[in-house]
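Trainee: My structure is below; once you've seen it, I'll send some questions.
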Amino acid sequence: MKSALQWGYRLAVLVLCCSFTLHAYVAVRLAPLAIILFVLGLGFVGIRAFSIELPLLRWRSAQALIALVLLASAHELLGAGDRIETERTSVAFVGATILTEETAESEIPNGTILIDADGKIAAVGPSSEIDVSSVSRTIDASGKFILPGLINAHDHLMMFGERHPDEPADFSGYAVEGGAASIGERLLHTYVGRLLILSLMGRNAERELRSGVTTARQLATVGFLDVVLRDRIGRGDRIGPRILAAGQPISITGGHGHQIATVIDGPIAARRAVRIAARERVDAIKITSTGGVADSLRVGEAGELQMTPDEIEAVVEEAHRKGLLVTAHAESTEGVLEALRAGVDNIEHGAPLTPEAVQLFLKNPRSLRGFSSFHPTLSVLAGGMVPEAADSQSSAVAAMNANAEIIRDGLIQGYRDALSGGVLVGVGTDSGVVRHDAVWKEMEYFVRWGDVSRAKAIHMATHDTAMSIGIQNDVGTLEVGKSGDLLVLSADPREDLSVFDAPEFVVAQGVIFPASH
């Protein structure tokens, strides 16, 4: 009995210490009280505490219990994060050039925008017409440019996202095979794994917000942790953009993303998966109807048809009954077409489009709103591939990189086909695969490969993306009654998009955050 308690205690201390250290490594910030409790806990561990005695009322046993309580408390406190004080007061930005984005040409020179204490836009227009005498805070924005906050319709906060979109891709980091892959997948679903993922998501959420993203839609998160993060940000426990959570994706057995997905085989299981997601309070449904690059094992798997039409239709019908939009990972012409025929509302990634696909984007009787939209995620492969990647000795890495080369050309052509056909195109960067703080680069790629103006690209990143994911009543334009989500830039982004790389201020629901530089 005594020996079992001793070893159980030692194991508990070891697990808590390792978990706390890993958690601290990925956390967006370290709670000072958590650090103090952790240090005190280590102090109580000591050498003598390891020689635990019975009965439990003896001092060395008490030391052991105190140490465990302190370490566990530090662990939980770090997991909860620091509560962020976000006191809202009315604020007015005066004297700026305001790009309202109601159209790509909408502009108010020497304008004022007033945000009330509830975080809503109370007035926007020429400075001469807006009274700011009763506003709590007035900010002189002369010479600045104000426009709606950016929206990322395809985000993965649970991934590190260290590669800049301009850098060439190399998928060797995704090729974890055999026993290591099995252990990694199991760790994702443990308590410690969930805690670490939440910390990483919190860090990445703050990075995105300070870079100018005020709304981010999560399209694949283990264990519905994006719902947890969404609620924490809503309560003010974390700094981050407005989160739209799709929870776990829906995949078939062995399909793309099955490692973190709700796995289905057949229409009945597909309906059940949607019902589970709805019960978890998701904001959208994500399916992986074709193969993908990051977990492909052979050349040609990315874009390969995986879900059957019956399975896709079952997901879509059940989701639409609950008022949820469905978005589909689809990386082949046939995959896009099957998803659209079933009534999918958004296509992620894409491929060259047939005339039938274009027509279904424009008028889709089975979609929730009568049309479908497209997020080409150009950022994920904009930099091409690392030249030496093809020489990898790993067959899995070679397959992923070869598939990425194939898919890249399809993404660009699909984007061009969508533009020429008048399809609604929005910004989704697949951040997590690429950096979380470079969402603005997608606009640059819109210009480069679509021959659109910078003003049009900005409109696509704000108004059009909000429309695409169904939040146009709240964000996407600067209009009275909408959320006070905006960016303050030092120069005109219609002349140089790189000004987005260093915003002066980011305002999310009326709260002003200094930008990250």
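Residue numbers start at 1 in each chain; chains themselves are named A, B, ... in the order of the structure tokens; ligands are numbered from 1 in the order shown.
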Find the spatial neighbours of A:Asp116, counting only C-alpha atoms, within a cut-off of 8 Å - ignore same-chain residues fewer than 4 positions away - and output them as a ChimeraX atom specification.
Mentor: /A:89-91,120-122,510
Trainee: Counting only C-alpha atoms, which residues in stretch 83-141 of chain A sit no more than 8 Å from stretch 471-478 of chain A? For each one, give the nearest pair of atoms and the distance in Å, sorted by chain then residue number, as a tab-separated table.
Mentor:
```
residue	atom	partner	partner_atom	distance
A:Leu99	CA	A:Leu478	CA	7.8
A:Thr100	CA	A:Leu478	CA	4.7
A:Glu101	CA	A:Thr477	CA	5.2
A:Glu102	CA	A:Thr477	CA	5.8
A:Ile121	CA	A:Leu478	CA	7.4
A:Val124	CA	A:Leu478	CA	7.5
```
Trainee: Go ahead and save the residues from that selection, with C-alpha atoms, as a PDB file, in the first residue's frame.
Mentor:
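out29.pdb, written as the output of this step:
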```pdb
ATOM      1  CA  LEU A  99     -13.566  52.796 -46.697  1.00  0.00           C
ATOM      2  CA  THR A 100     -16.973  51.461 -45.702  1.00  0.00           C
ATOM      3  CA  GLU A 101     -16.831  48.583 -48.252  1.00  0.00           C
ATOM      4  CA  GLU A 102     -20.534  48.776 -49.042  1.00  0.00           C
ATOM      5  CA  ILE A 121     -21.233  51.325 -34.896  1.00  0.00           C
ATOM      6  CA  VAL A 124     -20.305  56.885 -39.728  1.00  0.00           C
TER       7      VAL A 124
END
```
Trainee: For A:Asp155, which residue out of A:Glu208, A:Asp430, A:Glu280, A:Asp231 is the nearest one, using only C-alpha atoms?
Mentor: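 Selected residue with least distance to A:Asp155: A:Asp430.
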Trainee: Per residue of stretch 243-331 of chain A within 12 Å of stretch 358-373 of chain A, which atom pair is closest and at what distance in Å (one decimal), using only C-alpha atoms, listed by chain and increasing number, as JSON lines?
Mentor:
```
{"residue": "A:Ala284", "atom": "CA", "partner": "A:Leu368", "partner_atom": "CA", "distance": 11.8}
{"residue": "A:Ile312", "atom": "CA", "partner": "A:Arg366", "partner_atom": "CA", "distance": 11.8}
{"residue": "A:Glu313", "atom": "CA", "partner": "A:Arg366", "partner_atom": "CA", "distance": 9.3}
{"residue": "A:Ala314", "atom": "CA", "partner": "A:Arg366", "partner_atom": "CA", "distance": 11.9}
{"residue": "A:Val315", "atom": "CA", "partner": "A:Ser367", "partner_atom": "CA", "distance": 11.8}
{"residue": "A:Val316", "atom": "CA", "partner": "A:Ser367", "partner_atom": "CA", "distance": 8.0}
{"residue": "A:Glu317", "atom": "CA", "partner": "A:Arg366", "partner_atom": "CA", "distance": 8.5}
{"residue": "A:Glu318", "atom": "CA", "partner": "A:Leu368", "partner_atom": "CA", "distance": 11.1}
{"residue": "A:Ala319", "atom": "CA", "partner": "A:Leu368", "partner_atom": "CA", "distance": 9.1}
{"residue": "A:His320", "atom": "CA", "partner": "A:Leu368", "partner_atom": "CA", "distance": 6.0}
{"residue": "A:Arg321", "atom": "CA", "partner": "A:Leu368", "partner_atom": "CA", "distance": 9.1}
{"residue": "A:Lys322", "atom": "CA", "partner": "A:Leu368", "partner_atom": "CA", "distance": 10.2}
{"residue": "A:Gly323", "atom": "CA", "partner": "A:Leu368", "partner_atom": "CA", "distance": 7.6}
{"residue": "A:Leu324", "atom": "CA", "partner": "A:Leu368", "partner_atom": "CA", "distance": 8.0}
{"residue": "A:Leu325", "atom": "CA", "partner": "A:Leu368", "partner_atom": "CA", "distance": 6.7}
{"residue": "A:Val326", "atom": "CA", "partner": "A:Leu368", "partner_atom": "CA", "distance": 8.6}
{"residue": "A:Thr327", "atom": "CA", "partner": "A:Ser373", "partner_atom": "CA", "distance": 9.2}
{"residue": "A:Ala328", "atom": "CA", "partner": "A:Ser373", "partner_atom": "CA", "distance": 10.7}
```
Trainee: May I have the residues from that selection written out with N, CA, C and O atoms, as an mmCIF file, in the first residue's frame?
Mentor:
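Done, and the output landed in result_38.cif:
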```cif
data_model
loop_
_atom_site.group_PDB
_atom_site.id
_atom_site.type_symbol
_atom_site.label_atom_id
_atom_site.label_comp_id
_atom_site.auth_asym_id
_atom_site.auth_seq_id
_atom_site.Cartn_x
_atom_site.Cartn_y
_atom_site.Cartn_z
ATOM 1 N N ALA A 284 -21.075 26.048 -38.028
ATOM 2 C CA ALA A 284 -21.041 25.575 -39.416
ATOM 3 C C ALA A 284 -20.621 24.111 -39.399
ATOM 4 O O ALA A 284 -20.177 23.588 -38.370
ATOM 5 N N ILE A 312 -22.805 12.962 -48.767
ATOM 6 C CA ILE A 312 -22.761 14.425 -48.790
ATOM 7 C C ILE A 312 -24.171 14.993 -48.689
ATOM 8 O O ILE A 312 -24.434 15.935 -47.927
ATOM 9 N N GLU A 313 -25.096 14.418 -49.439
ATOM 10 C CA GLU A 313 -26.476 14.906 -49.416
ATOM 11 C C GLU A 313 -27.085 14.782 -48.025
ATOM 12 O O GLU A 313 -27.820 15.674 -47.574
ATOM 13 N N ALA A 314 -26.774 13.680 -47.325
ATOM 14 C CA ALA A 314 -27.320 13.494 -45.976
ATOM 15 C C ALA A 314 -26.790 14.556 -45.022
ATOM 16 O O ALA A 314 -27.542 15.112 -44.216
ATOM 17 N N VAL A 315 -25.490 14.854 -45.115
ATOM 18 C CA VAL A 315 -24.910 15.904 -44.271
ATOM 19 C C VAL A 315 -25.583 17.242 -44.553
ATOM 20 O O VAL A 315 -26.001 17.961 -43.638
ATOM 21 N N VAL A 316 -25.677 17.567 -45.834
ATOM 22 C CA VAL A 316 -26.223 18.875 -46.222
ATOM 23 C C VAL A 316 -27.673 19.015 -45.791
ATOM 24 O O VAL A 316 -28.077 20.038 -45.210
ATOM 25 N N GLU A 317 -28.472 18.006 -46.055
ATOM 26 C CA GLU A 317 -29.888 18.095 -45.700
ATOM 27 C C GLU A 317 -30.074 18.259 -44.197
ATOM 28 O O GLU A 317 -30.857 19.097 -43.737
ATOM 29 N N GLU A 318 -29.343 17.485 -43.421
ATOM 30 C CA GLU A 318 -29.485 17.558 -41.959
ATOM 31 C C GLU A 318 -28.977 18.895 -41.422
ATOM 32 O O GLU A 318 -29.587 19.487 -40.531
ATOM 33 N N ALA A 319 -27.871 19.381 -41.966
ATOM 34 C CA ALA A 319 -27.332 20.669 -41.527
ATOM 35 C C ALA A 319 -28.280 21.812 -41.865
ATOM 36 O O ALA A 319 -28.522 22.708 -41.044
ATOM 37 N N HIS A 320 -28.831 21.786 -43.060
ATOM 38 C CA HIS A 320 -29.733 22.848 -43.479
ATOM 39 C C HIS A 320 -31.024 22.851 -42.661
ATOM 40 O O HIS A 320 -31.615 23.917 -42.426
ATOM 41 N N ARG A 321 -31.472 21.686 -42.216
ATOM 42 C CA ARG A 321 -32.631 21.619 -41.323
ATOM 43 C C ARG A 321 -32.372 22.381 -40.027
ATOM 44 O O ARG A 321 -33.296 22.864 -39.373
ATOM 45 N N LYS A 322 -31.098 22.488 -39.660
ATOM 46 C CA LYS A 322 -30.704 23.180 -38.431
ATOM 47 C C LYS A 322 -30.158 24.579 -38.707
ATOM 48 O O LYS A 322 -29.616 25.227 -37.808
ATOM 49 N N GLY A 323 -30.265 25.026 -39.958
ATOM 50 C CA GLY A 323 -29.825 26.368 -40.307
ATOM 51 C C GLY A 323 -28.325 26.540 -40.373
ATOM 52 O O GLY A 323 -27.814 27.664 -40.289
ATOM 53 N N LEU A 324 -27.593 25.446 -40.544
ATOM 54 C CA LEU A 324 -26.128 25.500 -40.578
ATOM 55 C C LEU A 324 -25.616 25.417 -42.011
ATOM 56 O O LEU A 324 -26.052 24.553 -42.793
ATOM 57 N N LEU A 325 -24.680 26.303 -42.364
ATOM 58 C CA LEU A 325 -24.012 26.216 -43.654
ATOM 59 C C LEU A 325 -23.037 25.043 -43.644
ATOM 60 O O LEU A 325 -22.450 24.711 -42.608
ATOM 61 N N VAL A 326 -22.848 24.440 -44.807
ATOM 62 C CA VAL A 326 -21.906 23.328 -44.972
ATOM 63 C C VAL A 326 -20.805 23.749 -45.918
ATOM 64 O O VAL A 326 -21.067 24.278 -47.005
ATOM 65 N N THR A 327 -19.566 23.531 -45.505
ATOM 66 C CA THR A 327 -18.434 23.802 -46.381
ATOM 67 C C THR A 327 -17.683 22.510 -46.639
ATOM 68 O O THR A 327 -17.588 21.653 -45.762
ATOM 69 N N ALA A 328 -17.167 22.375 -47.854
ATOM 70 C CA ALA A 328 -16.538 21.119 -48.258
ATOM 71 C C ALA A 328 -15.105 21.335 -48.708
ATOM 72 O O ALA A 328 -14.829 22.199 -49.550
#
```
Trainee: Need to verify the contact set: A:Pro109, 8 Å, only C-alpha atoms, exclusion of same-chain residues closer than 4 positions in sequence. Can you return it as a list in words?
Mentor: Gly95, Ala96, Thr97, Ile98 and Pro126 of chain A
Trainee: Just to be explicit: take each residue in the selection above, keep N, CA, C and O atoms, and write the result as a PDB file, in the first residue's frame.
Mentor:
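Everything below was put into part-v7.pdb:
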```
ATOM      1  N   GLY A  95     -11.522  62.267 -38.603  1.00  0.00           N
ATOM      2  CA  GLY A  95     -10.649  62.845 -39.616  1.00  0.00           C
ATOM      3  C   GLY A  95     -10.010  61.859 -40.568  1.00  0.00           C
ATOM      4  O   GLY A  95      -9.152  62.238 -41.370  1.00  0.00           O
ATOM      5  N   ALA A  96     -10.426  60.610 -40.548  1.00  0.00           N
ATOM      6  CA  ALA A  96      -9.818  59.582 -41.396  1.00  0.00           C
ATOM      7  C   ALA A  96     -10.517  59.482 -42.743  1.00  0.00           C
ATOM      8  O   ALA A  96     -11.633  59.969 -42.934  1.00  0.00           O
ATOM      9  N   THR A  97      -9.843  58.821 -43.680  1.00  0.00           N
ATOM     10  CA  THR A  97     -10.507  58.380 -44.903  1.00  0.00           C
ATOM     11  C   THR A  97     -11.118  57.021 -44.591  1.00  0.00           C
ATOM     12  O   THR A  97     -10.399  56.080 -44.234  1.00  0.00           O
ATOM     13  N   ILE A  98     -12.428  56.915 -44.697  1.00  0.00           N
ATOM     14  CA  ILE A  98     -13.122  55.694 -44.294  1.00  0.00           C
ATOM     15  C   ILE A  98     -13.577  54.929 -45.534  1.00  0.00           C
ATOM     16  O   ILE A  98     -14.297  55.467 -46.385  1.00  0.00           O
ATOM     17  N   PRO A 126     -19.264  61.976 -42.851  1.00  0.00           N
ATOM     18  CA  PRO A 126     -18.357  63.125 -42.833  1.00  0.00           C
ATOM     19  C   PRO A 126     -18.237  63.699 -41.416  1.00  0.00           C
ATOM     20  O   PRO A 126     -19.222  63.773 -40.676  1.00  0.00           O
TER      21      PRO A 126
END
```
Trainee: Which residues, written as a compact mmCIF listing (two decimals) with all heavy atoms, in the first residue's frame, have at least one atom at most 6 Å from A:Gly350, with only C-alpha atoms counted and residues fewer than 3 positions away on the same chain left out?
Mentor:
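Saved as part_9.txt:
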```txt
# COMPACT_ATOMS: atom_id res chain seq x y z
N ALA A 330 -12.64 20.24 -51.09
CA ALA A 330 -12.74 19.56 -52.38
C ALA A 330 -11.60 20.02 -53.27
O ALA A 330 -11.50 21.21 -53.57
CB ALA A 330 -14.10 19.84 -53.03
N GLU A 331 -10.77 19.09 -53.72
CA GLU A 331 -9.56 19.44 -54.46
C GLU A 331 -9.49 18.79 -55.84
O GLU A 331 -8.40 18.53 -56.35
CB GLU A 331 -8.31 19.10 -53.64
CG GLU A 331 -8.19 19.93 -52.37
CD GLU A 331 -6.93 19.66 -51.58
OE1 GLU A 331 -6.32 18.57 -51.77
OE2 GLU A 331 -6.54 20.52 -50.78
N PRO A 376 -10.58 29.90 -52.37
CA PRO A 376 -9.52 29.15 -53.06
C PRO A 376 -8.27 28.89 -52.23
O PRO A 376 -7.41 28.12 -52.67
CB PRO A 376 -9.20 30.05 -54.26
CG PRO A 376 -9.59 31.43 -53.83
CD PRO A 376 -10.78 31.25 -52.95
N LEU A 411 -5.83 25.04 -57.86
CA LEU A 411 -6.36 26.13 -57.03
C LEU A 411 -6.40 27.43 -57.82
O LEU A 411 -7.40 28.15 -57.82
CB LEU A 411 -5.50 26.33 -55.78
CG LEU A 411 -5.36 25.19 -54.77
CD1 LEU A 411 -4.58 25.67 -53.55
CD2 LEU A 411 -6.71 24.65 -54.35
N GLY A 414 -8.94 27.25 -60.68
CA GLY A 414 -10.29 27.31 -60.14
C GLY A 414 -10.67 28.73 -59.72
O GLY A 414 -11.80 29.17 -59.94
```
Trainee: Given the choices A:Met467, A:Asp451, A:His258, A:Met443, which gets closest to A:Pro493 if the distance is worked out from only C-alpha atoms?
Mentor: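 That would be A:Met443, the residue with the smallest distance to A:Pro493.
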Trainee: Determine the nearest neighbour of A:His154 from the options A:Ala339, A:Ala261, A:Ile406, A:Leu219, counting only C-alpha atoms.
Mentor: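 Comparing A:Ala339, A:Ala261, A:Ile406, A:Leu219 against A:His154, the winner is A:Leu219.
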Trainee: Do you know which residues are at most 12 Å from A:Gly254 counting only C-alpha atoms, after dropping those on the same chain fewer than 6 positions away, and could you put them as a PyMOL selection string?
Mentor: chain A and resi 260-265+288-292+295-297+301+306-307
Trainee: With all heavy atoms retained, write the just-selected residues as a compact mmCIF listing (two decimals), in the first residue's frame.
Mentor:
```txt
# COMPACT_ATOMS: atom_id res chain seq x y z
N ILE A 260 -8.80 13.53 -36.70
CA ILE A 260 -9.47 14.43 -35.74
C ILE A 260 -10.95 14.58 -36.06
O ILE A 260 -11.61 15.45 -35.49
CB ILE A 260 -8.80 15.81 -35.72
CG1 ILE A 260 -8.89 16.50 -37.10
CG2 ILE A 260 -7.35 15.71 -35.27
CD1 ILE A 260 -8.48 17.95 -37.09
N ALA A 261 -11.46 13.75 -36.95
CA ALA A 261 -12.82 13.93 -37.47
C ALA A 261 -13.84 13.07 -36.75
O ALA A 261 -13.50 12.12 -36.02
CB ALA A 261 -12.84 13.62 -38.96
N THR A 262 -15.10 13.39 -36.98
CA THR A 262 -16.19 12.46 -36.71
C THR A 262 -16.30 11.60 -37.96
O THR A 262 -16.62 12.09 -39.04
CB THR A 262 -17.51 13.20 -36.46
OG1 THR A 262 -17.35 14.10 -35.35
CG2 THR A 262 -18.63 12.21 -36.17
N VAL A 263 -16.00 10.32 -37.82
CA VAL A 263 -15.90 9.42 -38.98
C VAL A 263 -17.26 8.81 -39.27
O VAL A 263 -17.96 8.33 -38.37
CB VAL A 263 -14.85 8.32 -38.72
CG1 VAL A 263 -14.85 7.30 -39.86
CG2 VAL A 263 -13.47 8.94 -38.55
N ILE A 264 -17.63 8.86 -40.54
CA ILE A 264 -18.93 8.32 -40.95
C ILE A 264 -18.74 7.36 -42.12
O ILE A 264 -17.79 7.46 -42.89
CB ILE A 264 -19.91 9.45 -41.35
CG1 ILE A 264 -19.35 10.28 -42.55
CG2 ILE A 264 -20.15 10.39 -40.20
CD1 ILE A 264 -20.08 10.13 -43.82
N ASP A 265 -19.66 6.42 -42.22
CA ASP A 265 -19.76 5.54 -43.39
C ASP A 265 -21.23 5.31 -43.64
O ASP A 265 -21.89 4.58 -42.90
CB ASP A 265 -19.03 4.22 -43.15
CG ASP A 265 -17.53 4.39 -43.10
OD1 ASP A 265 -16.94 4.80 -44.12
OD2 ASP A 265 -16.94 4.15 -42.03
N THR A 288 -14.91 16.70 -45.41
CA THR A 288 -13.77 16.48 -46.30
C THR A 288 -14.22 15.44 -47.33
O THR A 288 -14.08 14.25 -47.12
CB THR A 288 -12.53 16.00 -45.52
OG1 THR A 288 -12.86 14.82 -44.78
CG2 THR A 288 -12.06 17.07 -44.55
N SER A 289 -14.79 15.94 -48.42
CA SER A 289 -15.41 15.03 -49.38
C SER A 289 -14.41 14.44 -50.37
O SER A 289 -14.71 13.46 -51.05
CB SER A 289 -16.53 15.75 -50.14
OG SER A 289 -16.06 16.90 -50.79
N THR A 290 -13.20 15.05 -50.47
CA THR A 290 -12.15 14.45 -51.30
C THR A 290 -10.89 14.30 -50.47
O THR A 290 -10.78 14.83 -49.36
CB THR A 290 -11.80 15.31 -52.53
OG1 THR A 290 -11.01 16.44 -52.12
CG2 THR A 290 -13.04 15.80 -53.25
N GLY A 291 -9.92 13.58 -51.02
CA GLY A 291 -8.63 13.47 -50.36
C GLY A 291 -7.93 14.81 -50.30
O GLY A 291 -8.27 15.74 -51.02
N GLY A 292 -6.92 14.89 -49.42
CA GLY A 292 -6.16 16.11 -49.27
C GLY A 292 -4.67 15.85 -49.35
O GLY A 292 -4.24 14.69 -49.46
N ASP A 295 -2.22 14.54 -45.53
CA ASP A 295 -2.15 13.17 -45.01
C ASP A 295 -2.23 12.14 -46.14
O ASP A 295 -2.57 10.97 -45.91
CB ASP A 295 -3.24 12.91 -43.97
CG ASP A 295 -4.65 13.20 -44.49
OD1 ASP A 295 -4.78 13.57 -45.67
OD2 ASP A 295 -5.60 13.06 -43.71
N SER A 296 -1.90 12.57 -47.35
CA SER A 296 -1.93 11.64 -48.49
C SER A 296 -0.75 10.67 -48.42
O SER A 296 0.33 11.02 -47.94
CB SER A 296 -1.91 12.40 -49.81
OG SER A 296 -0.78 13.25 -49.90
N LEU A 297 -0.97 9.48 -48.89
CA LEU A 297 0.06 8.44 -48.85
C LEU A 297 0.54 8.04 -50.24
O LEU A 297 1.54 7.34 -50.37
CB LEU A 297 -0.50 7.19 -48.14
CG LEU A 297 -0.91 7.40 -46.68
CD1 LEU A 297 -1.52 6.11 -46.11
CD2 LEU A 297 0.27 7.83 -45.83
N GLU A 301 -3.87 10.92 -54.52
CA GLU A 301 -4.88 10.79 -53.46
C GLU A 301 -5.56 12.13 -53.17
O GLU A 301 -6.74 12.18 -52.87
CB GLU A 301 -4.24 10.24 -52.19
CG GLU A 301 -5.24 10.00 -51.07
CD GLU A 301 -4.61 9.35 -49.85
OE1 GLU A 301 -3.48 8.84 -49.95
OE2 GLU A 301 -5.26 9.37 -48.79
N GLN A 306 -13.96 10.75 -52.10
CA GLN A 306 -14.00 9.92 -50.89
C GLN A 306 -15.43 9.75 -50.39
O GLN A 306 -15.94 8.65 -50.36
CB GLN A 306 -13.09 10.52 -49.80
CG GLN A 306 -11.61 10.42 -50.16
CD GLN A 306 -10.67 10.85 -49.05
OE1 GLN A 306 -11.05 11.53 -48.11
NE2 GLN A 306 -9.43 10.43 -49.15
N MET A 307 -16.09 10.82 -50.01
CA MET A 307 -17.49 10.70 -49.62
C MET A 307 -18.34 10.38 -50.85
O MET A 307 -18.08 10.88 -51.94
CB MET A 307 -18.00 12.00 -49.00
CG MET A 307 -17.65 12.18 -47.55
SD MET A 307 -18.56 13.58 -46.84
CE MET A 307 -17.96 13.47 -45.15
```
Trainee: So which bits of stretch 343-511 of chain A end up strand (DSSP E) when you DSSP the backbone, as a list in words?
Mentor: Asn346, Ile347, Glu348, His349, Ser373, Phe374, His375, Leu424, Val425, Leu486, Leu487, Val488, Leu489, Phe505, Val506, Val507, Ala508 and Val511 of chain A
Trainee: Would you kindly return, as JSON, numbers by chain, each protein, DNA or RNA residue with an atom no farther than 6 Å from any atom of A:Leu487, considering only C-alpha atoms and excluding same-chain residues fewer than 6 positions away?
Mentor: {"A": [146, 147, 149, 505, 506]}
Trainee: Just the residues within 7 Å of A:Gly161, please, counting only C-alpha atoms, with nothing from its chain fewer than 6 positions along; format it as a list in words.
Mentor: Ser431, Gly432, Val433, Val434, Arg435 and His436 of chain A
Trainee: Restrict the selected residues to all heavy atoms and save them as a compact mmCIF listing (two decimals), in the first residue's frame.
Mentor:
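Saved result, out_38.txt, follows:
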```txt
# COMPACT_ATOMS: atom_id res chain seq x y z
N SER A 431 -4.82 29.02 -42.72
CA SER A 431 -3.78 29.37 -41.76
C SER A 431 -3.68 28.27 -40.71
O SER A 431 -4.65 27.64 -40.32
CB SER A 431 -4.08 30.72 -41.10
OG SER A 431 -5.38 30.74 -40.57
N GLY A 432 -2.48 28.06 -40.26
CA GLY A 432 -2.11 26.87 -39.50
C GLY A 432 -1.15 26.07 -40.36
O GLY A 432 -0.08 25.64 -39.91
N VAL A 433 -1.51 25.90 -41.64
CA VAL A 433 -0.55 25.39 -42.62
C VAL A 433 0.42 26.53 -42.96
O VAL A 433 1.61 26.30 -43.18
CB VAL A 433 -1.28 24.89 -43.88
CG1 VAL A 433 -0.27 24.37 -44.91
CG2 VAL A 433 -2.26 23.79 -43.51
N VAL A 434 -0.11 27.77 -43.00
CA VAL A 434 0.72 28.97 -43.16
C VAL A 434 0.47 29.86 -41.95
O VAL A 434 -0.37 29.57 -41.11
CB VAL A 434 0.42 29.72 -44.47
CG1 VAL A 434 0.86 28.91 -45.67
CG2 VAL A 434 -1.07 30.06 -44.57
N ARG A 435 1.18 30.97 -41.87
CA ARG A 435 1.15 31.81 -40.69
C ARG A 435 -0.23 32.41 -40.42
O ARG A 435 -0.97 32.74 -41.33
CB ARG A 435 2.18 32.95 -40.83
CG ARG A 435 3.57 32.52 -40.45
CD ARG A 435 4.62 33.55 -40.78
NE ARG A 435 4.31 34.88 -40.24
CZ ARG A 435 5.18 35.87 -40.25
NH1 ARG A 435 6.40 35.68 -40.74
NH2 ARG A 435 4.85 37.05 -39.75
N HIS A 436 -0.52 32.56 -39.14
CA HIS A 436 -1.80 33.12 -38.72
C HIS A 436 -1.84 34.64 -38.87
O HIS A 436 -2.93 35.22 -38.90
CB HIS A 436 -2.08 32.73 -37.26
CG HIS A 436 -2.30 31.28 -37.06
ND1 HIS A 436 -3.50 30.65 -37.33
CD2 HIS A 436 -1.46 30.29 -36.64
CE1 HIS A 436 -3.40 29.37 -37.07
NE2 HIS A 436 -2.18 29.12 -36.65
```
Trainee: Could you jot down the atom CA of A:Ala351 to atom CA of A:Val336 separation for me, Å, one decimal place?
Mentor: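 Interatomic distance here is 7.2 Å.
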Trainee: Could you check the closest approach to A:Arg88 for each of A:Gly119, A:Gly223, A:Gly266, A:Gly111 and tell me which residue wins, using only C-alpha atoms?
Mentor: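 Among the listed residues, A:Gly119 lies closest to A:Arg88.
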Trainee: From a DSSP pass on the backbone, collect the residues of stretch 202-240 of chain A flagged as helix (DSSP H, G or I) and hand them back as a list in words.
Mentor: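 After running DSSP on the backbone, stretch 202-240 of chain A has helix (DSSP H, G or I) at Gly202, Arg203, Asn204, Ala205, Glu206, Arg207, Glu208, Leu209, Arg210, Val222, Gly223, Phe224, Leu225, Asp226, Val227, Val228, Leu229, Arg230, Asp231, Arg232, Ile233, Gly234 and Arg235 of chain A.
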Trainee: May I ask for the distance between atom CA of A:Arg454 and atom CA of A:Asn204, given in Å to one decimal place?
Mentor: 27.0 Å
